[in-house]
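Undergrad: Below: one structure in structure tokens.
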Amino acid sequence: MSESFPTAPRITTGDVIGQPDFTRLPRFAAPATFAALPAPGEVSDLDVAIVGVPYDSGVSYRPGTRFGPAHIRNASKLLRPYNPEADAWPFQSQQIADFGDIGVNPYNIDEAITTIERSMRAVLERSPRLLVLGGDHSIALPTLRALHAVHGPIAVVHFDAHLDTWDTYFNTPILHGTPFRRASEEGLLDREACMHIGTRGGLYAPGDMDDDRALGFATVRCEEIEFTGLSGAIEKLKARVGQRPVYVSVDIDVLDPAFAPGTGTPESGGLTSRELLTMLRSMNSLNVVGGDIVEVSPAYDHADITGLAAAHVGYEILSAIAPAVDLSSFRTR
């Protein structure tokens with residue numbers, strides 16, 4: 001005997017299929033996709049694909065980010081169709097689908113990285129842009145390999161407490177502290193256009209910054225933002241990136257632990273949620289081709305603080321990608 005469960009129609013604008021109508025479906029009963037968006041089988045002609053990578057074999061301290069994609073998706077049920085601060089309709093002006101999670105080998109890093117790259121290339125055959133839910137930061141390397149094959153050299157805008165351009169740990173070259181060194185060495189990056197924002201805390205030696213600059217990164221540390229304000233950081237960001245293809249990589253530990261306790265390598269003195277969202281919002285004039293949200297570790301989260309922050313990061317990245325449209329008369333009820 002089959003059961004028929006009550007559902008709600010999805011909101012549509014033209015050919016775009018978006019969220020369910022939450023005036024007719026409780027959010028806590030919504031589909032388990034990001035922002036309750038469609039699965040790929042429900043739509044065609046995609047603009048953005050969301051992909052989860054539940055992988056944390058590259059962490060160096062607290063594990064648990066393999067559970068990050070599900071945690072972010074659960075928190076994203078609170079997201080609404082219209083983003084007033086960005087004046088954007090991220091779910092109604094572009095077709096987005098959540099492809100679910102990539103299953104990777106948790107015991108073999110090389111095999112896992114190969115599987116992630118192959119899977120990302122397959123997704124890019126259906127969608128020109130990606131939003132990746134991690135997982136630890138090592139997943140950025142195979143994602144950049146896949147995006148480079150489509151878009152050429154990429155300008156990485158990297159929000160993180162840490163540089164992630166170190167060489168090896170325990171003679172292992174691909175870990176969450178090394179992805180952007182490997183990407184630069186492989187020629188995936190535009191070395192004239194990459195930037196770290198929000199870095200802070202100790203380094204292993206002063207030469208770390210010299211190595212980082214040689215790999216193609218400029219840096220705006222949290223201390224500089226404290227003195228110059230967000231506007232100064234945003235000006236530097238836009239001037240460096242221009243209209244190159246941009247990958248926005250957000251390690252949630254760029255936020256102060258007060259705003260994101262659920263992460264593996266927290267550092268005091270970070271950005272507030274509002275500061276991070278404001279900077280992401282400023283990227284709406286850039287050519288964003290992909291992004292990630294990584295290092296969300298639910299076991300260390302409290303009251304879903306970190307998951308909610310990560311969901312809103314995804315919301316702002318999708319809003320920055322969204323085309324400008326006039327849906328002022330559109331209502332969900």
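Ordered as shown in the structure tokens, chains take letters A, B, and onward, while each chain numbers its residues from 1 and ligands are numbered from 1 in the order shown.
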Neighbours of Glu185 (chain A) within 12 Å (only C-alpha atoms; same-chain residues fewer than 4 positions away dropped), as a count of residues only?
TA: 18
Undergrad: Write out as a compact mmCIF listing (two decimals) with N, CA and C atoms, in the first residue's frame all residues of region 44-221 of chain A that backbone DSSP assigns to alpha helix (DSSP H).
TA:
# COMPACT_ATOMS: atom_id res chain seq x y z
N GLY A 68 29.52 18.21 7.11
CA GLY A 68 29.21 19.60 6.81
C GLY A 68 28.12 19.81 5.77
N PRO A 69 28.14 19.10 4.63
CA PRO A 69 27.12 19.35 3.61
C PRO A 69 25.69 19.18 4.13
N ALA A 70 25.44 18.13 4.87
CA ALA A 70 24.09 17.91 5.41
C ALA A 70 23.72 19.00 6.41
N HIS A 71 24.68 19.43 7.20
CA HIS A 71 24.43 20.47 8.21
C HIS A 71 24.08 21.80 7.53
N ILE A 72 24.82 22.13 6.47
CA ILE A 72 24.55 23.38 5.75
C ILE A 72 23.19 23.32 5.07
N ARG A 73 22.89 22.19 4.45
CA ARG A 73 21.59 22.06 3.78
C ARG A 73 20.44 22.20 4.77
N ASN A 74 20.58 21.60 5.93
CA ASN A 74 19.51 21.68 6.93
C ASN A 74 19.28 23.13 7.35
N ALA A 75 20.35 23.87 7.57
CA ALA A 75 20.22 25.27 7.96
C ALA A 75 19.66 26.13 6.84
N ILE A 109 43.60 9.44 0.02
CA ILE A 109 43.48 10.83 -0.40
C ILE A 109 43.58 10.97 -1.91
N ASP A 110 44.56 10.31 -2.53
CA ASP A 110 44.73 10.44 -3.98
C ASP A 110 43.49 9.97 -4.72
N GLU A 111 42.94 8.84 -4.30
CA GLU A 111 41.74 8.34 -4.97
C GLU A 111 40.56 9.30 -4.76
N ALA A 112 40.45 9.83 -3.55
CA ALA A 112 39.35 10.76 -3.26
C ALA A 112 39.45 12.01 -4.14
N ILE A 113 40.64 12.57 -4.25
CA ILE A 113 40.82 13.78 -5.05
C ILE A 113 40.50 13.51 -6.52
N THR A 114 40.91 12.35 -7.02
CA THR A 114 40.61 11.98 -8.40
C THR A 114 39.11 11.84 -8.62
N THR A 115 38.42 11.21 -7.67
CA THR A 115 36.97 11.03 -7.77
C THR A 115 36.26 12.38 -7.77
N ILE A 116 36.70 13.29 -6.90
CA ILE A 116 36.07 14.61 -6.83
C ILE A 116 36.26 15.35 -8.15
N GLU A 117 37.47 15.35 -8.69
CA GLU A 117 37.69 16.04 -9.96
C GLU A 117 36.84 15.45 -11.08
N ARG A 118 36.80 14.14 -11.18
CA ARG A 118 36.01 13.50 -12.23
C ARG A 118 34.53 13.84 -12.08
N SER A 119 34.04 13.85 -10.86
CA SER A 119 32.63 14.16 -10.61
C SER A 119 32.33 15.62 -10.94
N MET A 120 33.23 16.53 -10.58
CA MET A 120 33.02 17.95 -10.88
C MET A 120 33.01 18.19 -12.39
N ARG A 121 33.88 17.50 -13.10
CA ARG A 121 33.88 17.64 -14.57
C ARG A 121 32.55 17.17 -15.15
N ALA A 122 32.00 16.10 -14.62
CA ALA A 122 30.72 15.61 -15.10
C ALA A 122 29.60 16.61 -14.81
N VAL A 123 29.62 17.22 -13.64
CA VAL A 123 28.60 18.22 -13.30
C VAL A 123 28.73 19.43 -14.22
N LEU A 124 29.96 19.84 -14.52
CA LEU A 124 30.18 21.01 -15.38
C LEU A 124 29.72 20.77 -16.82
N ALA A 140 39.06 22.00 -2.68
CA ALA A 140 39.18 23.11 -3.62
C ALA A 140 40.10 22.77 -4.79
N LEU A 141 41.12 21.94 -4.55
CA LEU A 141 42.07 21.62 -5.63
C LEU A 141 41.41 20.86 -6.77
N PRO A 142 40.73 19.75 -6.55
CA PRO A 142 40.09 19.07 -7.68
C PRO A 142 38.97 19.90 -8.31
N THR A 143 38.31 20.74 -7.53
CA THR A 143 37.28 21.61 -8.09
C THR A 143 37.91 22.63 -9.03
N LEU A 144 39.03 23.20 -8.65
CA LEU A 144 39.72 24.17 -9.50
C LEU A 144 40.27 23.49 -10.76
N ARG A 145 40.71 22.26 -10.65
CA ARG A 145 41.15 21.54 -11.85
C ARG A 145 40.01 21.42 -12.85
N ALA A 146 38.83 21.08 -12.35
CA ALA A 146 37.68 20.93 -13.24
C ALA A 146 37.26 22.27 -13.83
N LEU A 147 37.23 23.31 -13.02
CA LEU A 147 36.83 24.64 -13.52
C LEU A 147 37.85 25.20 -14.50
N HIS A 148 39.13 24.94 -14.26
CA HIS A 148 40.16 25.43 -15.18
C HIS A 148 39.99 24.83 -16.57
N ALA A 149 39.56 23.59 -16.65
CA ALA A 149 39.35 22.95 -17.94
C ALA A 149 38.26 23.64 -18.75
N VAL A 150 37.35 24.33 -18.06
CA VAL A 150 36.24 25.02 -18.73
C VAL A 150 36.54 26.52 -18.92
N HIS A 151 37.09 27.14 -17.88
CA HIS A 151 37.20 28.61 -17.87
C HIS A 151 38.63 29.12 -18.00
N PRO A 179 45.94 23.38 -0.61
CA PRO A 179 45.32 23.30 -1.94
C PRO A 179 45.73 24.42 -2.89
N PHE A 180 45.97 25.62 -2.36
CA PHE A 180 46.24 26.73 -3.28
C PHE A 180 47.70 26.78 -3.71
N ARG A 181 48.60 26.18 -2.94
CA ARG A 181 49.97 26.00 -3.44
C ARG A 181 49.95 25.03 -4.61
N ARG A 182 49.28 23.89 -4.44
CA ARG A 182 49.22 22.91 -5.52
C ARG A 182 48.53 23.50 -6.75
N ALA A 183 47.45 24.26 -6.54
CA ALA A 183 46.73 24.85 -7.68
C ALA A 183 47.60 25.84 -8.42
N SER A 184 48.37 26.64 -7.68
CA SER A 184 49.27 27.60 -8.33
C SER A 184 50.38 26.88 -9.08
N GLU A 185 50.98 25.87 -8.46
CA GLU A 185 52.05 25.11 -9.11
C GLU A 185 51.56 24.43 -10.38
N GLY A 207 58.85 33.93 6.24
CA GLY A 207 58.95 33.56 4.84
C GLY A 207 57.68 32.99 4.26
N ASP A 208 56.72 32.60 5.11
CA ASP A 208 55.45 32.09 4.60
C ASP A 208 54.76 33.12 3.70
N MET A 209 54.86 34.39 4.09
CA MET A 209 54.21 35.43 3.29
C MET A 209 54.94 35.65 1.97
N ASP A 210 56.25 35.52 1.97
CA ASP A 210 57.01 35.64 0.72
C ASP A 210 56.64 34.51 -0.23
N ASP A 211 56.56 33.30 0.28
CA ASP A 211 56.16 32.16 -0.55
C ASP A 211 54.76 32.39 -1.12
N ASP A 212 53.89 32.90 -0.28
CA ASP A 212 52.50 33.11 -0.68
C ASP A 212 52.40 34.12 -1.81
N ARG A 213 53.15 35.22 -1.71
CA ARG A 213 53.14 36.23 -2.79
C ARG A 213 53.69 35.64 -4.08
N ALA A 214 54.73 34.81 -3.99
CA ALA A 214 55.30 34.20 -5.19
C ALA A 214 54.31 33.26 -5.87
Undergrad: Could you check the closest approach to Thr219 (chain A) for each of A:Arg240, A:Arg274, A:His196, A:His176 and tell me which residue wins, using only C-alpha atoms?
TA: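 Among the listed residues, the smallest separation from Thr219 (chain A) belongs to A:His196.
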Undergrad: Using only C-alpha atoms for the distances, tell me which of A:Tyr107, A:Phe91, A:Phe22, A:Tyr82 is nearest to Ser57 (chain A).
TA: A:Tyr107
Undergrad: Taking 6 positions as the minimum chain separation for residues in the same chain, which residues sit within 9 Å of Arg24 (chain A) when counting only C-alpha atoms? Answer as a compact mmCIF listing (two decimals) with C-alpha atoms, in the first residue's frame.
TA:
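Output file out.txt is given in full below:
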# COMPACT_ATOMS: atom_id res chain seq x y z
CA THR A 7 3.55 18.53 -0.88
CA ALA A 8 3.55 22.08 -2.15
CA PRO A 9 4.01 23.34 -5.69
Undergrad: Leaving out region 86-88 of chain A and any residue of its chain fewer than 4 positions from it, which residues lie within 12 Å of it when counting only C-alpha atoms, given as a ChimeraX atom specification?
TA: /A:80-82,92-94,277-285,315-328
Undergrad: Keeping only N, CA and C atoms, write those residues as a PDB file, in the first residue's frame.
TA:
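Produced file again.pdb, reproduced below:
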ATOM      1  N   ARG A  80      15.101  32.554   1.944  1.00  0.00           N
ATOM      2  CA  ARG A  80      13.899  32.997   1.238  1.00  0.00           C
ATOM      3  C   ARG A  80      14.231  33.471  -0.174  1.00  0.00           C
ATOM      4  N   PRO A  81      13.225  33.595  -1.035  1.00  0.00           N
ATOM      5  CA  PRO A  81      13.501  33.852  -2.459  1.00  0.00           C
ATOM      6  C   PRO A  81      14.176  35.181  -2.757  1.00  0.00           C
ATOM      7  N   TYR A  82      13.857  36.230  -2.000  1.00  0.00           N
ATOM      8  CA  TYR A  82      14.377  37.561  -2.337  1.00  0.00           C
ATOM      9  C   TYR A  82      15.414  37.989  -1.309  1.00  0.00           C
ATOM     10  N   GLN A  92      15.199  32.518  -8.306  1.00  0.00           N
ATOM     11  CA  GLN A  92      14.161  32.750  -9.311  1.00  0.00           C
ATOM     12  C   GLN A  92      14.697  33.331 -10.618  1.00  0.00           C
ATOM     13  N   SER A  93      15.906  33.886 -10.587  1.00  0.00           N
ATOM     14  CA  SER A  93      16.464  34.491 -11.793  1.00  0.00           C
ATOM     15  C   SER A  93      17.446  33.580 -12.507  1.00  0.00           C
ATOM     16  N   GLN A  94      17.715  32.420 -11.939  1.00  0.00           N
ATOM     17  CA  GLN A  94      18.631  31.456 -12.539  1.00  0.00           C
ATOM     18  C   GLN A  94      18.202  30.057 -12.099  1.00  0.00           C
ATOM     19  N   LEU A 277      29.389  38.639   4.934  1.00  0.00           N
ATOM     20  CA  LEU A 277      28.274  38.691   3.983  1.00  0.00           C
ATOM     21  C   LEU A 277      28.316  39.973   3.164  1.00  0.00           C
ATOM     22  N   THR A 278      28.708  41.082   3.774  1.00  0.00           N
ATOM     23  CA  THR A 278      28.808  42.350   3.042  1.00  0.00           C
ATOM     24  C   THR A 278      29.858  42.254   1.943  1.00  0.00           C
ATOM     25  N   MET A 279      31.003  41.644   2.247  1.00  0.00           N
ATOM     26  CA  MET A 279      32.042  41.521   1.217  1.00  0.00           C
ATOM     27  C   MET A 279      31.614  40.584   0.098  1.00  0.00           C
ATOM     28  N   LEU A 280      30.949  39.500   0.430  1.00  0.00           N
ATOM     29  CA  LEU A 280      30.449  38.611  -0.616  1.00  0.00           C
ATOM     30  C   LEU A 280      29.431  39.320  -1.498  1.00  0.00           C
ATOM     31  N   ARG A 281      28.602  40.134  -0.887  1.00  0.00           N
ATOM     32  CA  ARG A 281      27.570  40.874  -1.619  1.00  0.00           C
ATOM     33  C   ARG A 281      28.191  41.835  -2.630  1.00  0.00           C
ATOM     34  N   SER A 282      29.379  42.339  -2.315  1.00  0.00           N
ATOM     35  CA  SER A 282      30.040  43.306  -3.202  1.00  0.00           C
ATOM     36  C   SER A 282      30.549  42.658  -4.478  1.00  0.00           C
ATOM     37  N   MET A 283      30.507  41.319  -4.568  1.00  0.00           N
ATOM     38  CA  MET A 283      31.073  40.621  -5.712  1.00  0.00           C
ATOM     39  C   MET A 283      30.074  40.424  -6.844  1.00  0.00           C
ATOM     40  N   ASN A 284      28.918  41.088  -6.754  1.00  0.00           N
ATOM     41  CA  ASN A 284      27.881  40.882  -7.770  1.00  0.00           C
ATOM     42  C   ASN A 284      28.278  41.420  -9.133  1.00  0.00           C
ATOM     43  N   SER A 285      29.291  42.278  -9.194  1.00  0.00           N
ATOM     44  CA  SER A 285      29.740  42.798 -10.490  1.00  0.00           C
ATOM     45  C   SER A 285      30.891  41.980 -11.071  1.00  0.00           C
ATOM     46  N   TYR A 315      23.995  31.601   0.161  1.00  0.00           N
ATOM     47  CA  TYR A 315      22.947  32.510  -0.335  1.00  0.00           C
ATOM     48  C   TYR A 315      23.560  33.732  -1.003  1.00  0.00           C
ATOM     49  N   GLU A 316      24.590  34.312  -0.373  1.00  0.00           N
ATOM     50  CA  GLU A 316      25.213  35.507  -0.947  1.00  0.00           C
ATOM     51  C   GLU A 316      26.046  35.180  -2.185  1.00  0.00           C
ATOM     52  N   ILE A 317      26.696  34.021  -2.214  1.00  0.00           N
ATOM     53  CA  ILE A 317      27.435  33.637  -3.419  1.00  0.00           C
ATOM     54  C   ILE A 317      26.464  33.447  -4.585  1.00  0.00           C
ATOM     55  N   LEU A 318      25.351  32.765  -4.338  1.00  0.00           N
ATOM     56  CA  LEU A 318      24.353  32.583  -5.394  1.00  0.00           C
ATOM     57  C   LEU A 318      23.726  33.911  -5.806  1.00  0.00           C
ATOM     58  N   SER A 319      23.568  34.817  -4.867  1.00  0.00           N
ATOM     59  CA  SER A 319      23.037  36.146  -5.193  1.00  0.00           C
ATOM     60  C   SER A 319      24.019  36.937  -6.042  1.00  0.00           C
ATOM     61  N   ALA A 320      25.328  36.767  -5.765  1.00  0.00           N
ATOM     62  CA  ALA A 320      26.338  37.463  -6.565  1.00  0.00           C
ATOM     63  C   ALA A 320      26.377  36.934  -7.993  1.00  0.00           C
ATOM     64  N   ILE A 321      26.100  35.644  -8.160  1.00  0.00           N
ATOM     65  CA  ILE A 321      26.076  35.050  -9.500  1.00  0.00           C
ATOM     66  C   ILE A 321      24.804  35.429 -10.254  1.00  0.00           C
ATOM     67  N   ALA A 322      23.711  35.630  -9.528  1.00  0.00           N
ATOM     68  CA  ALA A 322      22.392  35.815 -10.148  1.00  0.00           C
ATOM     69  C   ALA A 322      22.361  37.019 -11.081  1.00  0.00           C
ATOM     70  N   PRO A 323      21.745  36.887 -12.251  1.00  0.00           N
ATOM     71  CA  PRO A 323      21.596  38.037 -13.143  1.00  0.00           C
ATOM     72  C   PRO A 323      20.613  39.044 -12.570  1.00  0.00           C
ATOM     73  N   ALA A 324      20.814  40.291 -12.918  1.00  0.00           N
ATOM     74  CA  ALA A 324      19.898  41.342 -12.473  1.00  0.00           C
ATOM     75  C   ALA A 324      18.594  41.233 -13.264  1.00  0.00           C
ATOM     76  N   VAL A 325      17.491  41.064 -12.558  1.00  0.00           N
ATOM     77  CA  VAL A 325      16.180  40.978 -13.198  1.00  0.00           C
ATOM     78  C   VAL A 325      15.189  41.800 -12.384  1.00  0.00           C
ATOM     79  N   ASP A 326      14.136  42.238 -13.035  1.00  0.00           N
ATOM     80  CA  ASP A 326      13.091  42.985 -12.346  1.00  0.00           C
ATOM     81  C   ASP A 326      11.942  42.031 -12.029  1.00  0.00           C
ATOM     82  N   LEU A 327      11.922  41.567 -10.792  1.00  0.00           N
ATOM     83  CA  LEU A 327      10.824  40.728 -10.327  1.00  0.00           C
ATOM     84  C   LEU A 327      10.087  41.432  -9.184  1.00  0.00           C
ATOM     85  N   SER A 328      10.042  42.749  -9.261  1.00  0.00           N
ATOM     86  CA  SER A 328       9.480  43.542  -8.174  1.00  0.00           C
ATOM     87  C   SER A 328       8.018  43.222  -7.917  1.00  0.00           C
TER      88      SER A 328
END
Undergrad: Would you give me, as JSON lines, each residue of region 16-112 of chain A having an atom within 12 Å of an atom of region 297-312 of chain A, along with its shortest atom pair and that distance in Å to one decimal, using only C-alpha atoms and sorting by chain and residue number?
TA:
{"residue": "A:Thr33", "atom": "CA", "partner": "A:Ala311", "partner_atom": "CA", "distance": 11.7}
{"residue": "A:Phe34", "atom": "CA", "partner": "A:Ala311", "partner_atom": "CA", "distance": 8.3}
{"residue": "A:Ala35", "atom": "CA", "partner": "A:Ala311", "partner_atom": "CA", "distance": 8.4}
{"residue": "A:Ala36", "atom": "CA", "partner": "A:Ala311", "partner_atom": "CA", "distance": 12.0}
{"residue": "A:Pro54", "atom": "CA", "partner": "A:Ser297", "partner_atom": "CA", "distance": 10.6}
{"residue": "A:Tyr55", "atom": "CA", "partner": "A:Ser297", "partner_atom": "CA", "distance": 11.0}
{"residue": "A:Asp56", "atom": "CA", "partner": "A:Ser297", "partner_atom": "CA", "distance": 9.5}
{"residue": "A:Val59", "atom": "CA", "partner": "A:Ser297", "partner_atom": "CA", "distance": 10.9}
{"residue": "A:Tyr61", "atom": "CA", "partner": "A:Ser297", "partner_atom": "CA", "distance": 11.4}
{"residue": "A:Arg62", "atom": "CA", "partner": "A:Ser297", "partner_atom": "CA", "distance": 8.2}
{"residue": "A:Pro63", "atom": "CA", "partner": "A:Ser297", "partner_atom": "CA", "distance": 7.1}
{"residue": "A:Gly64", "atom": "CA", "partner": "A:Ser297", "partner_atom": "CA", "distance": 4.9}
{"residue": "A:Thr65", "atom": "CA", "partner": "A:Ser297", "partner_atom": "CA", "distance": 4.3}
{"residue": "A:Arg66", "atom": "CA", "partner": "A:Ser297", "partner_atom": "CA", "distance": 7.6}
{"residue": "A:Phe67", "atom": "CA", "partner": "A:Pro298", "partner_atom": "CA", "distance": 6.6}
{"residue": "A:Gly68", "atom": "CA", "partner": "A:Ser297", "partner_atom": "CA", "distance": 5.7}
{"residue": "A:Pro69", "atom": "CA", "partner": "A:Gly307", "partner_atom": "CA", "distance": 9.2}
{"residue": "A:Ala70", "atom": "CA", "partner": "A:Pro298", "partner_atom": "CA", "distance": 9.3}
{"residue": "A:His71", "atom": "CA", "partner": "A:Gly307", "partner_atom": "CA", "distance": 5.9}
{"residue": "A:Ile72", "atom": "CA", "partner": "A:Gly307", "partner_atom": "CA", "distance": 4.9}
{"residue": "A:Arg73", "atom": "CA", "partner": "A:Ala311", "partner_atom": "CA", "distance": 7.1}
{"residue": "A:Asn74", "atom": "CA", "partner": "A:Gly307", "partner_atom": "CA", "distance": 7.9}
{"residue": "A:Ala75", "atom": "CA", "partner": "A:Leu308", "partner_atom": "CA", "distance": 5.2}
{"residue": "A:Ser76", "atom": "CA", "partner": "A:Ala311", "partner_atom": "CA", "distance": 5.0}
{"residue": "A:Lys77", "atom": "CA", "partner": "A:Ala311", "partner_atom": "CA", "distance": 8.7}
{"residue": "A:Leu78", "atom": "CA", "partner": "A:Leu308", "partner_atom": "CA", "distance": 8.6}
{"residue": "A:Leu79", "atom": "CA", "partner": "A:His312", "partner_atom": "CA", "distance": 7.6}
{"residue": "A:Arg80", "atom": "CA", "partner": "A:His312", "partner_atom": "CA", "distance": 10.5}
{"residue": "A:Asn83", "atom": "CA", "partner": "A:His312", "partner_atom": "CA", "distance": 10.4}
{"residue": "A:Pro90", "atom": "CA", "partner": "A:His312", "partner_atom": "CA", "distance": 11.8}
Undergrad: Tell me, in Å to one decimal, how far CA of Arg221 (chain A) is from CA of Thr199 (chain A).
TA: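 CA of Thr199 (chain A) lies 4.7 Å from CA of Arg221 (chain A).
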Undergrad: Mind checking DSSP for region 223-293 of chain A and telling me the strand (DSSP E or B) residues as a ChimeraX atom specification?
TA: /A:245-251,255,271,287-293
